[in-house]
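final_10.cif (mmCIF, C-alpha atoms and all ligand atoms)
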data_protein
loop_
_atom_site.label_atom_id
_atom_site.label_comp_id
_atom_site.auth_asym_id
_atom_site.auth_seq_id
_atom_site.Cartn_x
_atom_site.Cartn_y
_atom_site.Cartn_z
CA MET A 106 -100.49 106.72 36.24
CA THR A 107 -101.56 105.19 32.93
CA LEU A 108 -104.90 103.63 32.21
CA VAL A 109 -106.77 101.98 29.39
CA SER A 110 -110.17 103.53 28.85
CA HIS A 111 -112.85 104.39 26.35
CA GLY A 112 -114.16 107.95 26.49
CA PRO A 113 -117.07 109.27 28.53
CA GLY A 114 -119.51 109.39 25.61
CA ARG A 115 -121.20 112.17 23.62
CA THR A 116 -124.35 114.14 24.45
CA ARG A 117 -124.49 116.59 21.51
CA SER A 118 -125.58 115.57 18.03
CA THR A 119 -123.18 115.58 15.10
CA ALA A 120 -124.97 118.63 13.67
CA GLU A 121 -124.59 120.53 16.95
CA LEU A 122 -120.90 119.69 17.15
CA ARG A 123 -120.32 120.75 13.57
CA ALA A 124 -122.08 124.09 14.11
CA LEU A 125 -119.98 124.68 17.23
CA ALA A 126 -116.78 124.00 15.31
CA GLU A 127 -117.69 126.24 12.41
CA GLN A 128 -118.64 129.17 14.66
CA ALA A 129 -115.53 128.79 16.82
CA ALA A 130 -113.29 128.64 13.74
CA VAL A 131 -114.45 132.18 12.94
CA ASP A 132 -114.58 133.53 16.48
CA LEU A 133 -111.19 132.13 17.56
CA ALA A 134 -109.22 132.47 14.33
CA ASP A 135 -106.83 134.98 15.89
CA ALA A 136 -107.08 133.86 19.52
CA SER A 137 -104.08 132.88 21.61
CA ALA A 138 -103.32 129.23 22.38
CA ASP A 139 -104.37 129.86 25.97
CA ASP A 140 -107.72 131.35 24.95
CA VAL A 141 -108.37 128.45 22.56
CA ALA A 142 -107.61 125.92 25.29
CA ALA A 143 -109.86 127.80 27.71
CA TRP A 144 -112.71 127.74 25.18
CA ALA A 145 -112.29 124.00 24.64
CA ALA A 146 -112.31 123.32 28.38
CA ARG A 147 -115.40 125.49 28.86
CA THR A 148 -117.32 124.08 25.92
CA PHE A 149 -116.59 120.36 26.34
CA PRO A 150 -116.38 119.66 30.08
CA GLY A 151 -115.88 115.93 30.58
CA SER A 152 -115.91 115.22 26.86
CA LEU A 153 -112.55 116.56 25.81
CA ALA A 154 -109.47 114.49 24.98
CA VAL A 155 -105.94 115.70 24.38
CA ALA A 156 -103.75 113.70 22.00
CA CYS A 157 -100.09 113.63 22.97
CA SER A 158 -97.20 111.75 21.38
CA MET A 159 -94.84 112.58 24.26
CA ALA A 160 -92.45 114.10 21.73
CA GLY A 161 -92.41 117.87 21.18
CA ASP A 162 -96.04 118.24 22.21
CA THR A 163 -95.97 117.73 25.99
CA VAL A 164 -96.76 121.41 26.44
CA LEU A 165 -100.19 120.73 24.94
CA PRO A 166 -101.61 118.66 27.84
CA HIS A 167 -100.00 121.10 30.27
CA LEU A 168 -101.74 124.02 28.55
CA VAL A 169 -105.13 122.30 28.46
CA ALA A 170 -104.92 120.88 32.00
CA ARG A 171 -104.54 124.42 33.37
CA HIS A 172 -108.10 125.03 32.18
CA ALA A 173 -109.46 121.48 32.45
CA PRO A 174 -107.90 119.77 35.48
CA GLY A 175 -108.00 115.99 35.21
CA VAL A 176 -108.47 116.09 31.44
CA ASP A 177 -107.97 112.81 29.54
CA VAL A 178 -104.66 112.67 27.63
CA LEU A 179 -104.47 109.96 24.98
CA PHE A 180 -101.08 108.41 24.28
CA LEU A 181 -100.85 105.86 21.49
CA GLU A 182 -98.82 103.10 23.09
CA THR A 183 -97.80 101.28 19.90
CA GLY A 184 -95.29 99.03 21.63
CA TYR A 185 -92.51 100.53 19.51
CA HIS A 186 -91.61 103.69 21.44
CA PHE A 187 -88.15 104.87 22.46
CA PRO A 188 -87.49 104.47 26.19
CA GLU A 189 -87.11 108.25 26.34
CA THR A 190 -90.67 108.67 25.06
CA LEU A 191 -92.09 106.33 27.71
CA GLY A 192 -90.03 108.16 30.32
CA THR A 193 -91.49 111.46 29.14
CA ARG A 194 -95.00 110.03 29.51
CA ASP A 195 -94.28 108.98 33.09
CA ALA A 196 -92.65 112.30 33.97
CA LEU A 197 -95.57 114.24 32.52
CA ALA A 198 -98.06 112.15 34.49
CA SER A 199 -96.35 113.34 37.68
CA ALA A 200 -96.08 116.95 36.54
CA ILE A 201 -99.63 117.85 35.47
CA ASP A 202 -103.20 117.33 36.67
CA ALA A 203 -104.41 115.02 33.91
CA ARG A 204 -105.38 111.40 33.35
CA ILE A 205 -102.88 109.90 30.93
CA ILE A 206 -104.42 106.99 29.05
CA ASP A 207 -102.42 104.41 27.12
CA VAL A 208 -104.41 103.73 23.97
CA LEU A 209 -103.47 100.19 22.98
CA PRO A 210 -103.67 98.33 19.66
CA GLU A 211 -105.84 95.23 19.54
CA ARG A 212 -102.75 93.03 19.20
CA THR A 213 -99.39 93.11 20.96
CA VAL A 214 -96.28 93.39 18.79
CA ALA A 215 -95.71 89.63 19.22
CA GLU A 216 -99.27 88.86 18.14
CA GLN A 217 -98.95 91.16 15.13
CA ASP A 218 -95.65 89.49 14.19
CA ALA A 219 -97.34 86.09 14.37
CA GLU A 220 -100.17 87.23 12.11
CA HIS A 221 -98.35 89.46 9.61
CA GLY A 222 -94.73 88.44 9.99
CA PRO A 223 -92.01 90.39 11.81
CA ARG A 224 -91.14 94.01 11.06
CA LEU A 225 -94.41 94.90 9.35
CA HIS A 226 -93.28 98.52 9.71
CA ASP A 227 -90.54 97.89 7.13
CA ARG A 228 -92.77 96.10 4.63
CA ASN A 229 -96.09 97.88 5.02
CA PRO A 230 -95.89 100.90 7.35
CA THR A 231 -99.34 102.06 6.28
CA LEU A 232 -100.91 98.85 7.57
CA CYS A 233 -98.75 98.92 10.69
CA CYS A 234 -99.85 102.50 11.46
CA GLN A 235 -103.45 101.54 10.74
CA LEU A 236 -103.35 98.65 13.21
CA ARG A 237 -101.29 100.33 15.93
CA LYS A 238 -102.40 103.96 15.70
CA VAL A 239 -105.36 104.76 13.48
CA ASP A 240 -107.77 101.98 14.51
CA PRO A 241 -107.09 102.40 18.25
CA ILE A 242 -107.44 106.21 18.23
CA ASN A 243 -110.61 106.01 16.14
CA ALA A 244 -112.19 103.68 18.69
CA GLU A 245 -111.11 105.89 21.57
CA LEU A 246 -112.21 109.20 20.03
CA ALA A 247 -115.73 107.89 19.48
CA GLY A 248 -116.27 108.51 23.20
CA TYR A 249 -115.49 112.25 23.11
CA GLU A 250 -117.03 115.35 21.52
CA ALA A 251 -113.74 117.17 20.89
CA TRP A 252 -110.07 116.41 20.74
CA VAL A 253 -107.08 118.70 21.08
CA THR A 254 -104.02 118.08 18.94
CA GLY A 255 -100.52 119.50 18.73
CA ILE A 256 -100.69 120.15 14.98
CA ARG A 257 -98.58 123.14 13.96
CA ARG A 258 -98.71 124.83 10.54
CA GLU A 259 -94.95 124.68 10.17
CA ASP A 260 -94.93 120.84 10.54
CA ASN A 261 -95.44 120.17 6.83
CA ALA A 262 -97.39 121.30 3.76
CA LEU A 263 -100.43 119.19 4.72
CA ARG A 264 -100.76 121.08 7.98
CA ALA A 265 -99.98 124.57 6.62
CA GLN A 266 -103.65 125.58 6.48
CA ALA A 267 -104.68 124.15 9.86
CA GLY A 268 -107.14 126.31 11.79
CA VAL A 269 -107.22 126.57 15.57
CA VAL A 270 -110.68 124.97 15.54
CA GLU A 271 -111.88 122.67 12.76
CA TRP A 272 -114.63 120.23 11.97
CA ASP A 273 -113.10 116.76 11.90
CA ALA A 274 -115.28 114.95 9.39
CA VAL A 275 -113.37 111.67 9.75
CA HIS A 276 -114.20 111.37 13.44
CA ALA A 277 -117.39 113.49 13.34
CA MET A 278 -116.14 115.65 16.17
CA VAL A 279 -114.54 119.01 16.91
CA LYS A 280 -110.78 119.24 16.45
CA VAL A 281 -108.90 121.91 18.37
CA ASN A 282 -105.35 122.90 17.39
CA PRO A 283 -104.31 125.60 19.89
CA LEU A 284 -100.64 125.47 18.82
CA ALA A 285 -101.35 125.86 15.09
CA ALA A 286 -99.40 129.12 14.81
CA TRP A 287 -96.56 128.11 17.14
CA THR A 288 -92.97 127.51 16.10
CA PHE A 289 -90.69 124.85 17.55
CA ASP A 290 -89.00 127.58 19.61
CA ASP A 291 -92.39 128.61 21.02
CA LEU A 292 -92.77 125.04 22.32
CA LEU A 293 -89.37 125.08 23.96
CA ASP A 294 -89.98 128.54 25.46
CA TYR A 295 -93.27 127.39 26.99
CA ALA A 296 -91.75 124.18 28.31
CA GLY A 297 -88.91 126.14 29.90
CA ALA A 298 -91.19 128.77 31.42
CA HIS A 299 -93.54 126.18 32.95
CA GLN A 300 -91.05 123.37 33.64
CA VAL A 301 -92.90 120.93 31.44
CA PRO A 302 -91.02 117.62 30.94
CA ILE A 303 -89.90 117.27 27.34
CA ASN A 304 -88.55 114.31 25.43
CA LEU A 305 -84.76 114.20 25.82
CA LEU A 306 -84.38 113.08 22.20
CA LEU A 307 -85.45 116.54 21.02
CA SER A 308 -82.02 117.87 21.98
CA GLU A 309 -80.23 114.88 20.44
CA GLY A 310 -81.11 115.47 16.79
CA TYR A 311 -84.71 114.20 16.81
CA PRO A 312 -86.99 117.24 16.26
CA SER A 313 -89.85 114.90 15.30
CA ILE A 314 -90.22 111.66 17.26
CA GLY A 315 -92.42 108.68 16.48
CA CYS A 316 -91.94 104.94 16.86
CA ALA A 317 -88.29 103.89 17.12
CA PRO A 318 -88.18 101.72 13.95
CA CYS A 319 -89.57 104.61 11.86
CA THR A 320 -87.62 107.54 13.28
CA ARG A 321 -84.02 108.51 12.59
CA ARG A 322 -81.82 111.36 13.65
CA VAL A 323 -82.00 114.50 11.46
CA GLU A 324 -78.88 116.26 10.19
CA PRO A 325 -78.46 120.04 10.70
CA GLY A 326 -80.38 121.91 7.99
CA GLU A 327 -82.66 118.97 7.14
CA ASP A 328 -86.44 119.25 7.29
CA PRO A 329 -87.45 118.57 10.92
CA ARG A 330 -89.73 115.70 9.84
CA ALA A 331 -87.18 114.17 7.46
CA GLY A 332 -86.40 111.56 10.09
CA ARG A 333 -89.91 110.09 10.02
CA TRP A 334 -90.34 107.08 7.68
CA ALA A 335 -87.09 108.16 6.01
CA GLY A 336 -86.74 106.96 2.44
CA LEU A 337 -90.49 106.42 2.03
CA ALA A 338 -93.15 108.68 0.54
CA LYS A 339 -95.08 108.38 3.82
CA THR A 340 -95.09 111.57 5.93
CA GLU A 341 -98.11 111.07 8.22
CA CYS A 342 -99.34 108.12 10.22
CA GLY A 343 -102.93 108.71 9.08
CA LEU A 344 -104.36 110.27 12.24
CA HIS A 345 -104.78 113.70 10.65
CA ARG A 346 -106.60 113.82 7.34
S1 LIG A 401 -94.72 104.56 13.07
FE1 LIG A 401 -93.77 102.64 12.32
S2 LIG A 401 -93.76 101.16 14.05
FE2 LIG A 401 -95.14 102.89 14.58
S3 LIG A 401 -97.15 102.17 14.01
FE3 LIG A 401 -96.38 103.34 12.23
S4 LIG A 401 -95.28 101.84 10.90
FE4 LIG A 401 -95.68 100.87 12.92
#

Can the structure in the file be given as structure tokens, please?
Amino acid sequence: MTLVSHGPGRTRSTAELRALAEQAAVDLADASADDVAAWAARTFPGSLAVACSMAGDTVLPHLVARHAPGVDVLFLETGYHFPETLGTRDALASAIDARIIDVLPERTVAEQDAEHGPRLHDRNPTLCCQLRKVDPINAELAGYEAWVTGIRREDNALRAQAGVVEWDAVHAMVKVNPLAAWTFDDLLDYAGAHQVPINLLLSEGYPSIGCAPCTRRVEPGEDPRAGRWAGLAKTECGLHR
């Protein structure tokens, strides 16, 4: 079941959250993904959100929901997803104990086309991502104390130093990256072991999956994220800074 929501709200101060993040970054630096997820569930009951793109990261909500049943899972419903991605969202909703929330942009694709002209993603993908991903997730995250992401160090150079727990200064909240040390094969192994639905495109040459207009198939030997915004300098949608 998918819902539109705004988080439950925060009770701790920004200073308290920052201190928690900094201490946990030290304490959990070498902890397993399971232990990091357990800590997040224990520390932020009712104020924890899991971000999931329904691509290679479906194991993340599964992992967290084992420790935090009913946890909120935020899916950025940009209006541009592959059918396989929406199918993965629906399959995951049936497979785990979590509340999957469609985080929607302020404008539909048709309304955005009317205001900015069609195919803004071709002409100004930074603005398109801002309107359809960054602004909506920023508004949603303001209602939580911590969010869990599927960032992995092997994703790209920007993520190579990611810790398992970090202070997210942009959102003034705790950021938890339990899968930071995982490889792509680790994801597949976990999904297989726990029968987690995964996006069918992963096995069809799409190791990294975003919106359909900005994602292409990757050739053998290419960088896994080479298919995202191919031909442009852009490598991130702006959610992780
Ligand atoms: S990935 Fe492409 S279509 Fe999706 S929000 Fe960003 S620019 Fe727009």

Report task. Select, from A:Glu121, A:Glu327, A:Asp162, A:Glu271, the residue with the minimum atom-to-atom distance to Thr288 (chain A), counting all atoms listed in the file. Result ->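 When distances to Thr288 (chain A) are compared using all atoms listed in the file, the smallest one comes from A:Asp162.
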
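Considering the residues A:Thr183, A:Ser313, A:Asn282, A:Thr320 and counting all atoms listed in the file, Pro241 (chain A) has its shortest atom-to-atom contact with A:Thr183.
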
Given a cut-off of 9 Å, what residues near ligand LIG 401 (chain A) show up using only C-alpha atoms and all ligand atoms, put as a PDB file with C-alpha atoms, in the coordinates of the input?
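Saved the output as selection.pdb:
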ATOM      1  CA  THR A 183     -97.800 101.280  19.900  1.00  0.00           C
ATOM      2  CA  GLY A 184     -95.290  99.030  21.630  1.00  0.00           C
ATOM      3  CA  TYR A 185     -92.510 100.530  19.510  1.00  0.00           C
ATOM      4  CA  HIS A 186     -91.610 103.690  21.440  1.00  0.00           C
ATOM      5  CA  ARG A 224     -91.140  94.010  11.060  1.00  0.00           C
ATOM      6  CA  LEU A 225     -94.410  94.900   9.350  1.00  0.00           C
ATOM      7  CA  HIS A 226     -93.280  98.520   9.710  1.00  0.00           C
ATOM      8  CA  ASP A 227     -90.540  97.890   7.130  1.00  0.00           C
ATOM      9  CA  ARG A 228     -92.770  96.100   4.630  1.00  0.00           C
ATOM     10  CA  ASN A 229     -96.090  97.880   5.020  1.00  0.00           C
ATOM     11  CA  PRO A 230     -95.890 100.900   7.350  1.00  0.00           C
ATOM     12  CA  THR A 231     -99.340 102.060   6.280  1.00  0.00           C
ATOM     13  CA  LEU A 232    -100.910  98.850   7.570  1.00  0.00           C
ATOM     14  CA  CYS A 233     -98.750  98.920  10.690  1.00  0.00           C
ATOM     15  CA  CYS A 234     -99.850 102.500  11.460  1.00  0.00           C
ATOM     16  CA  GLN A 235    -103.450 101.540  10.740  1.00  0.00           C
ATOM     17  CA  LEU A 236    -103.350  98.650  13.210  1.00  0.00           C
ATOM     18  CA  ARG A 237    -101.290 100.330  15.930  1.00  0.00           C
ATOM     19  CA  LYS A 238    -102.400 103.960  15.700  1.00  0.00           C
ATOM     20  CA  VAL A 239    -105.360 104.760  13.480  1.00  0.00           C
ATOM     21  CA  GLY A 315     -92.420 108.680  16.480  1.00  0.00           C
ATOM     22  CA  CYS A 316     -91.940 104.940  16.860  1.00  0.00           C
ATOM     23  CA  ALA A 317     -88.290 103.890  17.120  1.00  0.00           C
ATOM     24  CA  PRO A 318     -88.180 101.720  13.950  1.00  0.00           C
ATOM     25  CA  CYS A 319     -89.570 104.610  11.860  1.00  0.00           C
ATOM     26  CA  THR A 320     -87.620 107.540  13.280  1.00  0.00           C
ATOM     27  CA  ARG A 333     -89.910 110.090  10.020  1.00  0.00           C
ATOM     28  CA  TRP A 334     -90.340 107.080   7.680  1.00  0.00           C
ATOM     29  CA  GLU A 341     -98.110 111.070   8.220  1.00  0.00           C
ATOM     30  CA  CYS A 342     -99.340 108.120  10.220  1.00  0.00           C
TER      31      CYS A 342
END

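With CA of Ala160 (chain A) on one side and CA of Ala196 (chain A) on the other, the separation reads 12.4 Å.
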
Please report as a tab-separated table every residue of region 107-211 of chain A lying within 10 Å of region 291-296 of chain A, along with the nearest atom pair and their distance in Å (one decimal), using all atoms listed in the file.
residue	atom	partner	partner_atom	distance
A:Gly161	CA	A:Leu292	CA	7.3
A:Asp162	CA	A:Leu292	CA	7.5
A:Thr163	CA	A:Ala296	CA	8.0
A:Val164	CA	A:Ala296	CA	6.0
A:Leu165	CA	A:Leu292	CA	9.0
A:His167	CA	A:Ala296	CA	9.0
A:Leu168	CA	A:Tyr295	CA	9.2

Query raised in the report: With all atoms listed in the file as the atoms that count, which of A:Val178, A:Val269, A:Leu246, A:Ile314 lies nearest to Val131 (chain A)?
Result: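 Ranked by minimum distance to Val131 (chain A), first place goes to A:Val269.
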
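From CA of Ile201 (chain A) back to CA of Trp272 (chain A), the distance works out to 28.0 Å.
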
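Minimum distance to Ile205 (chain A) across A:Ala265, A:Leu181, A:Ala130, A:Val253 (counting only C-alpha atoms) occurs at A:Leu181.
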
Requested in this report: Give me, please, the distance in Å between CA of Asn304 (chain A) and CA of Ile242 (chain A), quoted to one decimal.
Outcome: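 These two atoms are separated by 21.8 Å.
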
Query raised in the report: Do you know which residues are at most 12 Å from Ala262 (chain A) counting only C-alpha atoms, after dropping those on the same chain fewer than 3 positions away, and could you put them as a ChimeraX atom specification?
Result: /A:256-259,265-267,328,330,340-341

**Report entry** Minimum-distance residue to Ala277 (chain A), chosen among A:Asn243, A:Gln300, A:Thr190, A:Ser152 (using all atoms listed in the file)
**Finding:**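 Answer, going by the shortest atom-to-atom distance: A:Asn243.
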
Query raised in the report: Which residue out of A:Val169, A:Asp202, A:Val141, A:Ala251 has the minimum interatomic distance to Arg117 (chain A) when all atoms listed in the file are used?
Result: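 Between A:Val169, A:Asp202, A:Val141, A:Ala251, the residue approaching Arg117 (chain A) most closely is A:Ala251.
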